[in-house]
file work_27.txt (compact mmCIF, C-alpha atoms)
# COMPACT_ATOMS: atom_id res chain seq x y z
CA MET A 1 -1.91 -4.80 -2.73
CA ALA A 2 -4.12 -2.09 -1.32
CA PHE A 3 -4.73 1.04 -3.32
CA PHE A 4 -4.91 4.40 -1.61
CA PRO A 5 -5.18 7.91 -2.96
CA ASN A 6 -1.83 9.36 -3.86
CA PRO A 7 -1.18 12.60 -1.91
CA ARG A 8 0.15 14.12 -5.12
CA HIS A 9 -3.39 14.12 -6.42
CA ARG A 10 -5.14 15.39 -3.31
CA SER A 11 -5.28 18.87 -4.79
CA LEU A 12 -7.43 18.59 -7.89
CA THR A 13 -7.89 22.20 -8.85
CA ALA A 14 -10.13 20.66 -11.43
CA GLY A 15 -10.92 22.56 -14.53
CA VAL A 16 -13.79 20.22 -14.12
CA ALA A 17 -16.58 21.31 -16.26
CA LEU A 18 -18.26 18.81 -14.01
CA LEU A 19 -21.63 20.34 -13.84
CA ALA A 20 -21.51 21.96 -17.21
CA VAL A 21 -24.88 21.89 -18.86
CA LEU A 22 -26.82 22.06 -15.64
CA ALA A 23 -29.49 24.44 -14.46
CA GLY A 24 -28.65 26.95 -11.72
CA CYS A 25 -29.07 26.17 -8.07
CA SER A 26 -29.63 28.37 -5.05
CA GLU A 27 -27.04 26.62 -2.92
CA PRO A 28 -23.27 26.94 -3.32
CA LEU A 29 -21.67 23.95 -5.00
CA ASP A 30 -18.36 22.45 -5.79
CA PHE A 31 -18.61 23.41 -9.44
CA ASP A 32 -15.08 22.50 -10.47
CA LEU A 33 -14.33 19.84 -7.85
CA ARG A 34 -11.35 21.68 -6.36
CA GLY A 35 -9.72 20.02 -3.38
CA GLN A 36 -8.88 16.54 -2.20
CA VAL A 37 -9.29 13.49 -4.33
CA GLY A 38 -12.51 11.92 -3.18
CA ALA A 39 -13.56 14.98 -1.26
CA PHE A 40 -13.19 17.54 -4.04
CA ASN A 41 -13.40 20.35 -1.50
CA THR A 42 -13.91 23.85 -2.90
CA ALA A 43 -14.44 25.61 0.42
CA ASP A 44 -11.86 28.27 -0.42
CA ALA A 45 -13.48 29.07 -3.73
CA ALA A 46 -16.90 29.23 -2.11
CA ARG A 47 -15.64 32.04 0.09
CA ASN A 48 -15.02 34.23 -2.96
CA VAL A 49 -18.47 35.79 -2.71
CA THR A 50 -19.21 38.33 -5.41
CA VAL A 51 -21.38 41.42 -5.46
CA ALA A 52 -24.42 41.78 -7.69
CA ARG A 53 -24.01 43.18 -11.17
CA PRO A 54 -24.85 46.92 -11.36
CA GLU A 55 -28.27 47.82 -12.75
CA PRO A 56 -28.21 49.27 -16.29
CA ASP A 57 -29.84 52.56 -17.26
CA ALA A 58 -33.10 52.77 -19.23
CA ARG A 59 -31.30 51.86 -22.47
CA GLY A 60 -29.65 48.84 -20.91
CA ILE A 61 -26.20 50.46 -20.68
CA ILE A 62 -23.73 49.87 -17.83
CA SER A 63 -20.91 52.42 -17.96
CA TYR A 64 -17.42 51.81 -16.59
CA PRO A 65 -14.45 54.18 -16.83
CA ASN A 66 -12.78 52.24 -19.66
CA TYR A 67 -15.68 50.60 -21.47
CA GLN A 68 -19.44 50.17 -21.65
CA VAL A 69 -21.66 47.13 -22.04
CA ALA A 70 -25.27 46.70 -23.07
CA VAL A 71 -27.69 44.34 -21.33
CA ALA A 72 -30.15 42.65 -23.67
CA ARG A 73 -33.85 42.34 -22.87
CA ARG A 74 -35.88 39.21 -23.33
CA GLY A 75 -36.71 38.78 -27.02
CA ASP A 76 -34.02 41.20 -28.25
CA SER A 77 -31.93 40.53 -31.30
CA VAL A 78 -28.49 42.11 -31.67
CA ALA A 79 -30.06 44.59 -34.09
CA ASP A 80 -32.71 45.52 -31.48
CA VAL A 81 -30.02 46.32 -28.92
CA ALA A 82 -28.01 48.29 -31.49
CA GLY A 83 -31.05 50.37 -32.43
CA ARG A 84 -31.82 51.14 -28.81
CA ILE A 85 -28.31 52.37 -28.00
CA GLY A 86 -27.60 54.07 -31.32
CA LEU A 87 -24.89 51.87 -32.86
CA PRO A 88 -24.77 50.17 -36.27
CA ALA A 89 -26.09 46.64 -35.89
CA ALA A 90 -23.32 45.08 -37.99
CA GLN A 91 -20.62 46.81 -35.95
CA LEU A 92 -22.08 45.69 -32.63
CA ALA A 93 -22.60 42.14 -33.92
CA ASN A 94 -19.09 41.79 -35.37
CA PHE A 95 -17.49 43.06 -32.18
CA ASN A 96 -19.25 40.32 -30.19
CA GLY A 97 -18.83 37.48 -32.68
CA LEU A 98 -22.50 37.48 -33.62
CA LYS A 99 -24.82 38.34 -36.50
CA PRO A 100 -27.34 41.21 -36.35
CA GLU A 101 -30.28 38.80 -36.48
CA ASP A 102 -29.01 36.58 -33.65
CA GLN A 103 -31.43 36.35 -30.72
CA MET A 104 -30.26 37.31 -27.23
CA ARG A 105 -31.25 36.03 -23.80
CA GLY A 106 -32.65 38.40 -21.24
CA GLY A 107 -29.73 39.79 -19.23
CA GLU A 108 -27.08 38.75 -21.76
CA ILE A 109 -24.12 41.13 -22.10
CA LEU A 110 -22.91 42.78 -25.31
CA ALA A 111 -19.63 44.67 -25.24
CA LEU A 112 -19.73 48.02 -27.05
CA PRO A 113 -17.07 48.73 -29.70
CA GLN A 114 -17.18 52.44 -28.77
CA ARG A 115 -18.74 54.58 -26.08
CA VAL A 116 -22.26 55.89 -26.46
CA ALA A 117 -23.94 58.68 -24.51
CA GLU A 118 -23.15 58.58 -20.81
CA PRO A 119 -25.92 58.14 -18.20
CA SER A 120 -28.14 61.21 -18.00
CA ALA A 121 -31.72 62.24 -17.37
CA ALA A 122 -32.46 61.34 -20.98
CA THR A 123 -31.18 57.81 -20.42
CA GLY A 124 -33.09 57.15 -17.25
CA ALA A 125 -30.71 58.58 -14.65
CA VAL A 126 -28.85 61.71 -13.66
CA ASP A 127 -25.07 61.57 -13.78
CA ILE A 128 -23.63 63.56 -10.88
CA ALA A 129 -20.82 65.10 -12.96
CA THR A 130 -23.22 66.20 -15.67
CA LEU A 131 -25.57 67.66 -13.07
CA ALA A 132 -22.78 69.70 -11.47
CA GLY A 133 -21.44 70.89 -14.83
CA SER A 134 -24.86 72.07 -15.96
CA ALA A 135 -25.37 74.00 -12.73
CA ILE A 136 -22.06 75.82 -13.20
CA ASP A 137 -22.80 76.62 -16.84
CA ALA A 138 -26.24 78.01 -15.94
CA ALA A 139 -24.98 80.27 -13.15
CA PRO A 140 -25.31 84.03 -14.05
CA ASP A 141 -22.11 85.96 -14.51
CA THR A 142 -22.72 89.16 -12.50
CA SER A 143 -20.26 91.85 -11.49
CA PRO A 144 -19.31 93.24 -9.06
CA VAL A 145 -19.61 90.17 -6.85
CA GLN A 146 -21.30 90.72 -3.52
CA THR A 147 -21.32 88.06 -0.86
CA SER A 148 -23.03 87.64 2.46
CA THR A 149 -23.15 84.93 5.05
CA LEU A 150 -26.33 82.91 4.83
CA ALA A 151 -27.59 79.89 6.60
CA PRO A 152 -27.09 76.72 4.53
CA ALA A 153 -30.08 76.12 2.33
CA ALA A 154 -31.61 72.70 2.01
CA GLN A 155 -30.64 71.29 -1.36
CA PRO A 156 -32.94 68.96 -3.28
CA THR A 157 -31.47 65.49 -3.70
CA PRO A 158 -31.46 64.49 -7.38
CA THR A 159 -31.95 60.93 -8.46
CA VAL A 160 -28.39 59.90 -9.22
CA ILE A 161 -26.93 56.82 -10.80
CA GLU A 162 -23.40 56.20 -9.68
CA ARG A 163 -20.99 54.89 -12.22
CA ALA A 164 -20.47 51.17 -11.79
CA SER A 165 -17.38 50.71 -9.65
CA PRO A 166 -15.04 49.00 -9.23
CA GLU A 167 -14.57 48.16 -12.87
CA PRO A 168 -14.70 44.40 -13.52
CA VAL A 169 -12.27 42.65 -15.80
CA ARG A 170 -13.65 42.17 -19.30
CA HIS A 171 -12.57 38.76 -20.63
CA LYS A 172 -12.69 37.80 -24.29
CA VAL A 173 -13.38 34.09 -24.78
CA VAL A 174 -10.85 32.15 -26.85
CA ARG A 175 -11.23 28.75 -28.43
CA GLY A 176 -11.23 25.89 -25.94
CA GLU A 177 -12.34 27.90 -22.93
CA THR A 178 -15.44 27.04 -20.92
CA ALA A 179 -17.32 28.94 -18.25
CA TYR A 180 -15.66 26.64 -15.73
CA THR A 181 -12.08 27.24 -16.86
CA ILE A 182 -12.75 30.99 -16.85
CA SER A 183 -14.31 30.90 -13.38
CA ARG A 184 -11.25 28.99 -12.17
CA LEU A 185 -8.91 31.44 -13.85
CA TYR A 186 -10.41 34.38 -11.95
CA GLN A 187 -11.39 32.40 -8.83
CA VAL A 188 -15.08 33.35 -8.97
CA PRO A 189 -18.10 31.03 -8.73
CA VAL A 190 -19.32 29.89 -12.12
CA LYS A 191 -22.87 30.66 -11.03
CA SER A 192 -21.91 34.31 -10.45
CA LEU A 193 -20.21 34.37 -13.84
CA ALA A 194 -23.45 33.13 -15.40
CA GLU A 195 -25.60 35.66 -13.54
CA TRP A 196 -23.39 38.61 -14.47
CA ASN A 197 -23.40 37.67 -18.16
CA GLY A 198 -26.85 36.19 -18.68
CA LEU A 199 -25.57 32.72 -19.60
CA ASP A 200 -28.03 29.92 -20.19
CA SER A 201 -28.53 26.92 -17.92
CA ASP A 202 -25.79 25.03 -19.78
CA PHE A 203 -23.30 27.86 -19.08
CA THR A 204 -22.72 28.09 -22.83
CA ILE A 205 -20.15 30.57 -24.08
CA ARG A 206 -18.78 31.21 -27.57
CA GLU A 207 -15.45 32.13 -29.06
CA GLY A 208 -15.09 35.91 -29.30
CA GLN A 209 -17.69 36.58 -26.60
CA TYR A 210 -16.90 39.22 -23.98
CA LEU A 211 -17.62 38.27 -20.37
CA LEU A 212 -17.68 40.51 -17.31
CA ILE A 213 -15.80 38.87 -14.44
CA PRO A 214 -17.88 39.30 -11.26
CA VAL A 215 -16.45 41.71 -8.71
CA LYS A 216 -15.59 40.23 -5.34
CA GLY A 217 -16.39 42.11 -2.20
CA ALA A 218 -19.43 40.76 -0.38
CA GLN A 219 -18.72 39.03 2.90
CA PRO A 220 -19.85 35.43 3.36
CA PRO A 221 -22.96 35.14 5.56
CA ALA A 222 -22.13 35.02 9.26
CA ARG A 223 -22.58 31.72 10.99
CA SER A 224 -25.22 31.45 13.65
CA GLY A 225 -24.22 33.38 16.75
CA THR A 226 -21.30 35.30 15.19
CA ALA A 227 -23.20 38.31 13.89
CA THR A 228 -24.18 39.47 17.37
CA ALA A 229 -20.68 39.00 18.67
CA ALA A 230 -19.19 40.97 15.79
CA ALA A 231 -21.66 43.82 16.33
CA ALA A 232 -20.78 44.00 20.00
CA THR A 233 -17.02 44.34 19.37
CA THR A 234 -15.63 47.54 20.89
CA VAL A 235 -13.18 49.58 18.80
CA THR A 236 -10.45 51.22 20.91
CA GLU A 237 -8.30 54.24 20.15
CA PRO A 238 -4.93 53.57 18.47
CA GLY A 239 -2.18 52.83 20.99
CA THR A 240 -4.50 51.99 23.86
CA GLY A 241 -4.66 48.28 23.21
CA SER A 242 -7.72 46.06 23.11
CA PRO A 243 -9.75 45.05 26.17
CA THR A 244 -9.21 41.49 27.28
CA PRO A 245 -12.45 39.54 27.28
CA THR A 246 -13.44 37.69 30.41
CA PRO A 247 -13.05 33.96 29.84
CA PRO A 248 -16.31 32.04 30.24
CA SER A 249 -14.76 29.80 32.88
CA ALA A 250 -14.22 32.83 35.15
CA THR A 251 -17.94 33.28 35.67
CA THR A 252 -19.59 30.01 34.80
CA PRO A 253 -18.05 26.58 35.30
CA LEU A 254 -17.48 24.68 32.10
CA PRO A 255 -19.76 21.70 31.57
CA ASP A 256 -18.35 18.24 31.88
CA GLU A 257 -16.95 17.25 28.54
CA ARG A 258 -17.87 13.88 27.23
CA ILE A 259 -16.07 12.74 24.14
CA ALA A 260 -17.69 9.96 22.23
CA ALA A 261 -15.45 7.23 20.93
CA ARG A 262 -14.65 7.68 17.26
CA ALA A 263 -16.26 5.15 15.03
CA PRO A 264 -13.71 2.88 13.33
CA GLU A 265 -13.06 3.34 9.64
CA PRO A 266 -15.18 0.96 7.56
CA PRO A 267 -13.23 -1.99 6.19
CA GLU A 268 -12.48 -2.27 2.53
CA THR A 269 -15.34 -3.86 0.65
CA ASP A 270 -14.62 -6.27 -2.15
CA ILE A 271 -17.36 -5.81 -4.75
CA GLY A 272 -16.24 -8.76 -6.82
CA ALA A 273 -17.88 -9.88 -10.04
CA PRO A 274 -21.71 -10.01 -9.97
CA SER A 275 -23.12 -13.51 -10.27
CA LEU A 276 -26.51 -12.37 -11.57
CA PRO A 277 -27.63 -9.39 -13.67
CA SER A 278 -27.94 -6.38 -11.37
CA THR A 279 -31.38 -4.93 -10.69
CA ALA A 280 -29.91 -1.82 -9.06
CA ALA A 281 -30.63 1.61 -10.53
CA MET A 282 -26.95 1.91 -11.44
CA ALA A 283 -24.10 -0.49 -12.03
CA PHE A 284 -20.71 -0.28 -10.37
CA PRO A 285 -18.31 1.53 -12.72
CA VAL A 286 -15.51 -0.87 -11.71
CA GLN A 287 -15.57 -4.32 -10.13
CA GLY A 288 -13.05 -4.06 -7.30
CA LYS A 289 -12.63 -2.88 -3.71
CA ILE A 290 -14.27 0.18 -2.17
CA ILE A 291 -11.31 1.83 -0.43
CA ARG A 292 -13.15 4.96 0.64
CA THR A 293 -16.84 5.42 1.33
CA TYR A 294 -19.16 8.40 0.91
CA SER A 295 -19.06 11.09 3.59
CA LYS A 296 -20.97 14.31 2.96
CA GLY A 297 -18.61 17.28 2.93
CA ARG A 298 -15.51 15.09 3.16
CA ASN A 299 -15.75 12.53 0.39
CA GLU A 300 -18.51 13.29 -2.10
CA GLY A 301 -18.46 9.81 -3.64
CA VAL A 302 -16.81 6.40 -3.31
CA ASP A 303 -13.32 5.32 -4.38
CA ILE A 304 -13.14 1.91 -6.01
CA ALA A 305 -9.76 0.25 -6.65
CA ALA A 306 -8.94 -2.55 -9.07
CA ALA A 307 -6.10 -3.65 -11.31
CA PRO A 308 -4.48 -0.98 -13.50
CA GLY A 309 -6.12 -0.82 -16.90
CA THR A 310 -9.47 -2.15 -15.68
CA ALA A 311 -12.34 -0.72 -17.74
CA VAL A 312 -14.38 2.08 -16.15
CA THR A 313 -17.95 1.75 -17.42
CA ALA A 314 -21.08 3.90 -17.39
CA ALA A 315 -23.28 3.35 -14.35
CA ALA A 316 -26.47 3.97 -16.35
CA ASP A 317 -27.77 5.15 -19.72
CA GLY A 318 -27.15 8.81 -20.45
CA SER A 319 -25.00 11.25 -22.39
CA VAL A 320 -21.51 12.63 -21.82
CA ALA A 321 -22.00 16.09 -20.30
CA ALA A 322 -18.35 17.05 -19.86
CA ILE A 323 -14.78 15.80 -20.18
CA THR A 324 -12.10 17.73 -18.37
CA GLN A 325 -8.98 17.18 -16.29
CA ASP A 326 -7.48 18.19 -12.99
CA ALA A 327 -4.33 20.21 -12.36
CA ASP A 328 -2.22 17.08 -12.87
CA GLN A 329 -3.84 16.51 -16.29
CA VAL A 330 -5.76 13.48 -15.01
CA PRO A 331 -9.05 13.15 -16.92
CA ILE A 332 -12.53 13.39 -15.43
CA VAL A 333 -15.74 12.30 -17.18
CA VAL A 334 -19.23 13.55 -16.29
CA VAL A 335 -22.35 11.76 -17.55
CA ARG A 336 -25.88 13.16 -17.45
CA HIS A 337 -28.83 10.85 -16.78
CA PRO A 338 -32.61 11.30 -16.61
CA ASP A 339 -34.24 12.76 -13.49
CA ASN A 340 -31.56 15.47 -13.11
CA LEU A 341 -28.87 12.95 -12.09
CA LEU A 342 -25.17 13.10 -12.91
CA THR A 343 -22.40 10.57 -12.43
CA VAL A 344 -18.74 11.59 -12.15
CA TYR A 345 -15.76 9.36 -12.98
CA ALA A 346 -12.51 10.94 -11.77
CA ASN A 347 -8.87 9.75 -11.66
CA VAL A 348 -9.13 7.76 -14.90
CA SER A 349 -7.16 7.51 -18.15
CA GLY A 350 -7.68 6.39 -21.75
CA ILE A 351 -11.08 8.02 -22.28
CA THR A 352 -13.00 6.34 -25.11
CA VAL A 353 -15.98 8.73 -25.42
CA LYS A 354 -16.41 12.41 -26.24
CA LYS A 355 -18.71 15.15 -25.02
CA GLY A 356 -22.27 14.77 -26.31
CA ASP A 357 -22.04 11.01 -26.93
CA SER A 358 -25.06 8.92 -25.99
CA ILE A 359 -23.98 5.97 -23.88
CA LYS A 360 -25.46 2.79 -22.48
CA ARG A 361 -25.15 1.23 -19.05
CA GLY A 362 -21.96 -0.83 -18.92
CA GLN A 363 -20.36 0.95 -21.89
CA LYS A 364 -16.65 1.62 -21.44
CA LEU A 365 -15.82 5.27 -20.71
CA ALA A 366 -12.16 5.01 -19.71
CA GLN A 367 -9.83 2.78 -17.71
CA LEU A 368 -8.01 2.82 -14.39
CA ARG A 369 -4.62 4.48 -14.23
CA ASP A 370 -1.35 2.61 -13.76
CA GLY A 371 0.48 2.10 -10.49
CA ASP A 372 -0.83 2.88 -7.03
CA ASN A 373 -3.44 5.28 -8.45
CA ALA A 374 -5.53 2.50 -9.94
CA TYR A 375 -8.88 3.52 -8.52
CA VAL A 376 -11.89 5.52 -9.74
CA HIS A 377 -13.52 8.25 -7.71
CA PHE A 378 -17.23 7.82 -8.48
CA GLU A 379 -19.93 10.35 -7.57
CA VAL A 380 -23.69 10.56 -8.03
CA ARG A 381 -25.17 14.07 -8.00
CA ASN A 382 -28.82 15.05 -7.90
CA GLY A 383 -28.64 18.41 -9.64
CA PHE A 384 -25.78 20.19 -7.90
CA GLU A 385 -26.03 18.15 -4.69
CA SER A 386 -23.88 15.09 -4.11
CA VAL A 387 -25.68 12.03 -2.75
CA ASP A 388 -24.53 8.67 -1.44
CA PRO A 389 -23.96 6.46 -4.51
CA MET A 390 -24.54 3.19 -2.65
CA PRO A 391 -28.38 3.23 -2.68
CA TYR A 392 -28.16 3.51 -6.46
CA LEU A 393 -25.57 0.74 -6.77
CA GLU A 394 -27.06 -1.83 -4.41
call {"tool": "encode", "arguments": {"input": "work_27.txt", "output": "structure tokens"}}
result
Amino acid sequence: MAFFPNPRHRSLTAGVALLAVLAGCSEPLDFDLRGQVGAFNTADAARNVTVARPEPDARGIISYPNYQVAVARRGDSVADVAGRIGLPAAQLANFNGLKPEDQMRGGEILALPQRVAEPSAATGAVDIATLAGSAIDAAPDTSPVQTSTLAPAAQPTPTVIERASPEPVRHKVVRGETAYTISRLYQVPVKSLAEWNGLDSDFTIREGQYLLIPVKGAQPPARSGTATAAAATTVTEPGTGSPTPTPPSATTPLPDERIAARAPEPPETDIGAPSLPSTAAMAFPVQGKIIRTYSKGRNEGVDIAAAPGTAVTAAADGSVAAITQDADQVPIVVVRHPDNLLTVYANVSGITVKKGDSIKRGQKLAQLRDGDNAYVHFEVRNGFESVDPMPYLE
């Protein structure tokens, strides 16, 4: 019997803490493996581009209409931040689930239990409302009032800090949440979540911590050739309709179209049981048939089918970086290896390890599911980038 991916599992909105515990990367990545089984496509999530976090004032304060946060500097303790903004250290620490002596990372966010002084010249910026109010208060009260028409005078432009807007959601972490589940909850990239809140390279969060949810709004970068076309678009008056563009074929003949024959799908490959000890960098997680091969952007790994209940084993020595599950509650295991490599074992059941465990090559991690879903989706990732697993397995 052949095993093929069940359509019911083609949408793995994975709370996959897949790349938990990894350093940041400059390229967008499928952090939570949303999308089709095997492909794990998160193209929709990648389009949720967020704006940069507002810059704090000289004290490190970012002010929003309903709350304020403090941004820690490198080497700060909670007490250091509290002293700089004028709050009791114990109060600030308790509100954020910390102790006064706890050390902060540069850029890490602390929620304030109460408002402190608003942005002003004394805090490294001029607030526009304060500036206007002071000008009114300082105006002389003379009577009778005499007016005359004068040419507009050039007004000096003060250095103004605008209040951070729009106001981001402030999320309080509860037990069991991870940066990945929170990024999925609000549909923002986990990397943006980390940048806004000064998280470490492991995306570590703690119970009781307040996180700012990045504000969406930036447009994805235009593809090559589209920016010029967009800039040249003519805007017409309402009710007049839009001009009809001249089709290219009206001026220049279309080139002859030559469609290459589509390459046939590769046949299923029966791995079988190895007759000699493998010298490959990694071992197959399951001895069975490869029912789907690696295809960058379409299938980020290989799917290997075998009998239900077959053991799924570690491809190499390492440690369990994350254990999560998809929207259908199907477990996923992520293992970290030396040289910045990760292996992913999705669509499994009966997990026998836990996060943080050290494991050996060939050690059982889980087993194949029952029924027609008896296959493992196996990925190898170099940092955040998926790579073809076969060179490691052969």
call {"tool": "atom_distance", "arguments": {"input": "work_27.txt", "atom1": "atom CA of Ala283 of chain A", "atom2": "atom CA of Glu379 of chain A"}}
result
12.4 Å
call {"tool": "closest_residue", "arguments": {"input": "work_27.txt", "among": "A:Asp80, A:Glu118, A:Asp303, A:Glu167", "to": "Asn66 of chain A", "atoms": "only C-alpha atoms"}}
result
A:Glu167
call {"tool": "atom_distance", "arguments": {"input": "work_27.txt", "atom1": "atom CA of Gly97 of chain A", "atom2": "atom CA of Gly208 of chain A"}}
result
5.3 Å
call {"tool": "residues_around", "arguments": {"input": "work_27.txt", "residues": "Gly86 of chain A", "least_positions_apart": "3", "cutoff": "10 Å", "atoms": "all atoms listed in the file", "output": "PyMOL selection string"}}
result
chain A and resi 59+80-83+89+116-117
call {"tool": "residues_around", "arguments": {"input": "work_27.txt", "residues": "Arg381 of chain A", "least_positions_apart": "6", "cutoff": "7 Å", "atoms": "only C-alpha atoms", "output": "compact mmCIF listing (two decimals) with C-alpha atoms, keeping the file's coordinate frame"}}
result
# COMPACT_ATOMS: atom_id res chain seq x y z
CA LEU A 341 -28.87 12.95 -12.09
CA LEU A 342 -25.17 13.10 -12.91
CA THR A 343 -22.40 10.57 -12.43
CA VAL A 387 -25.68 12.03 -2.75
call {"tool": "residues_around", "arguments": {"input": "work_27.txt", "residues": "Gly350 of chain A", "least_positions_apart": "4", "cutoff": "10 Å", "atoms": "all atoms listed in the file", "output": "list of chain:residue names"}}
result
A:Gly309, A:Ala311, A:Val312, A:Val330, A:Pro331, A:Leu365, A:Ala366, A:Gln367, A:Leu368, A:Arg369
call {"tool": "write_last_selection", "arguments": {"input": "work_27.txt", "atoms": "C-alpha atoms", "output": "compact mmCIF listing (two decimals), keeping the file's coordinate frame"}}
result
# COMPACT_ATOMS: atom_id res chain seq x y z
CA GLY A 309 -6.12 -0.82 -16.90
CA ALA A 311 -12.34 -0.72 -17.74
CA VAL A 312 -14.38 2.08 -16.15
CA VAL A 330 -5.76 13.48 -15.01
CA PRO A 331 -9.05 13.15 -16.92
CA LEU A 365 -15.82 5.27 -20.71
CA ALA A 366 -12.16 5.01 -19.71
CA GLN A 367 -9.83 2.78 -17.71
CA LEU A 368 -8.01 2.82 -14.39
CA ARG A 369 -4.62 4.48 -14.23
call {"tool": "atom_distance", "arguments": {"input": "work_27.txt", "atom1": "atom CA of Thr50 of chain A", "atom2": "atom CA of Leu112 of chain A"}}
result
23.7 Å
call {"tool": "closest_residue", "arguments": {"input": "work_27.txt", "among": "A:Asp372, A:His377, A:Arg74, A:Asn96", "to": "Val348 of chain A", "atoms": "all atoms listed in the file"}}
result
A:His377
call {"tool": "closest_residue", "arguments": {"input": "work_27.txt", "among": "A:Val51, A:Ala321, A:Ala280, A:Ile304", "to": "Val188 of chain A", "atoms": "all atoms listed in the file"}}
result
A:Val51
call {"tool": "closest_residue", "arguments": {"input": "work_27.txt", "among": "A:Lys296, A:Lys360, A:Lys289, A:Arg73", "to": "His337 of chain A", "atoms": "all atoms listed in the file"}}
result
A:Lys360
call {"tool": "closest_residue", "arguments": {"input": "work_27.txt", "among": "A:Ser358, A:Ala307, A:Ile351, A:Ala346", "to": "Asp326 of chain A", "atoms": "only C-alpha atoms"}}
result
A:Ala346
call {"tool": "closest_residue", "arguments": {"input": "work_27.txt", "among": "A:Ser319, A:Ser295, A:Asn340, A:Thr324", "to": "Asp357 of chain A", "atoms": "all atoms listed in the file"}}
result
A:Ser319
call {"tool": "residues_around", "arguments": {"input": "work_27.txt", "residues": "Ile109 of chain A", "least_positions_apart": "3", "cutoff": "6 Å", "atoms": "only C-alpha atoms", "output": "ChimeraX atom specification"}}
result
/A:70-71,197
call {"tool": "residues_near_point", "arguments": {"input": "work_27.txt", "point": "(-26.4, 43.6, -27.6)", "cutoff": "12 Å", "atoms": "all atoms listed in the file", "output": "mmCIF file with C-alpha atoms, in the frame of the given file"}}
result
data_model
loop_
_atom_site.group_PDB
_atom_site.id
_atom_site.type_symbol
_atom_site.label_atom_id
_atom_site.label_comp_id
_atom_site.auth_asym_id
_atom_site.auth_seq_id
_atom_site.Cartn_x
_atom_site.Cartn_y
_atom_site.Cartn_z
ATOM 1 C CA ARG A 59 -31.300 51.860 -22.470
ATOM 2 C CA GLY A 60 -29.650 48.840 -20.910
ATOM 3 C CA ILE A 61 -26.200 50.460 -20.680
ATOM 4 C CA ILE A 62 -23.730 49.870 -17.830
ATOM 5 C CA GLN A 68 -19.440 50.170 -21.650
ATOM 6 C CA VAL A 69 -21.660 47.130 -22.040
ATOM 7 C CA ALA A 70 -25.270 46.700 -23.070
ATOM 8 C CA VAL A 71 -27.690 44.340 -21.330
ATOM 9 C CA ALA A 72 -30.150 42.650 -23.670
ATOM 10 C CA ARG A 73 -33.850 42.340 -22.870
ATOM 11 C CA ARG A 74 -35.880 39.210 -23.330
ATOM 12 C CA GLY A 75 -36.710 38.780 -27.020
ATOM 13 C CA ASP A 76 -34.020 41.200 -28.250
ATOM 14 C CA SER A 77 -31.930 40.530 -31.300
ATOM 15 C CA VAL A 78 -28.490 42.110 -31.670
ATOM 16 C CA ALA A 79 -30.060 44.590 -34.090
ATOM 17 C CA ASP A 80 -32.710 45.520 -31.480
ATOM 18 C CA VAL A 81 -30.020 46.320 -28.920
ATOM 19 C CA ALA A 82 -28.010 48.290 -31.490
ATOM 20 C CA GLY A 83 -31.050 50.370 -32.430
ATOM 21 C CA ARG A 84 -31.820 51.140 -28.810
ATOM 22 C CA ILE A 85 -28.310 52.370 -28.000
ATOM 23 C CA GLY A 86 -27.600 54.070 -31.320
ATOM 24 C CA LEU A 87 -24.890 51.870 -32.860
ATOM 25 C CA PRO A 88 -24.770 50.170 -36.270
ATOM 26 C CA ALA A 89 -26.090 46.640 -35.890
ATOM 27 C CA ALA A 90 -23.320 45.080 -37.990
ATOM 28 C CA GLN A 91 -20.620 46.810 -35.950
ATOM 29 C CA LEU A 92 -22.080 45.690 -32.630
ATOM 30 C CA ALA A 93 -22.600 42.140 -33.920
ATOM 31 C CA ASN A 94 -19.090 41.790 -35.370
ATOM 32 C CA PHE A 95 -17.490 43.060 -32.180
ATOM 33 C CA ASN A 96 -19.250 40.320 -30.190
ATOM 34 C CA GLY A 97 -18.830 37.480 -32.680
ATOM 35 C CA LEU A 98 -22.500 37.480 -33.620
ATOM 36 C CA LYS A 99 -24.820 38.340 -36.500
ATOM 37 C CA PRO A 100 -27.340 41.210 -36.350
ATOM 38 C CA GLU A 101 -30.280 38.800 -36.480
ATOM 39 C CA ASP A 102 -29.010 36.580 -33.650
ATOM 40 C CA GLN A 103 -31.430 36.350 -30.720
ATOM 41 C CA MET A 104 -30.260 37.310 -27.230
ATOM 42 C CA ARG A 105 -31.250 36.030 -23.800
ATOM 43 C CA GLY A 106 -32.650 38.400 -21.240
ATOM 44 C CA GLY A 107 -29.730 39.790 -19.230
ATOM 45 C CA GLU A 108 -27.080 38.750 -21.760
ATOM 46 C CA ILE A 109 -24.120 41.130 -22.100
ATOM 47 C CA LEU A 110 -22.910 42.780 -25.310
ATOM 48 C CA ALA A 111 -19.630 44.670 -25.240
ATOM 49 C CA LEU A 112 -19.730 48.020 -27.050
ATOM 50 C CA PRO A 113 -17.070 48.730 -29.700
ATOM 51 C CA ASN A 197 -23.400 37.670 -18.160
ATOM 52 C CA GLY A 198 -26.850 36.190 -18.680
ATOM 53 C CA GLN A 209 -17.690 36.580 -26.600
ATOM 54 C CA TYR A 210 -16.900 39.220 -23.980
#
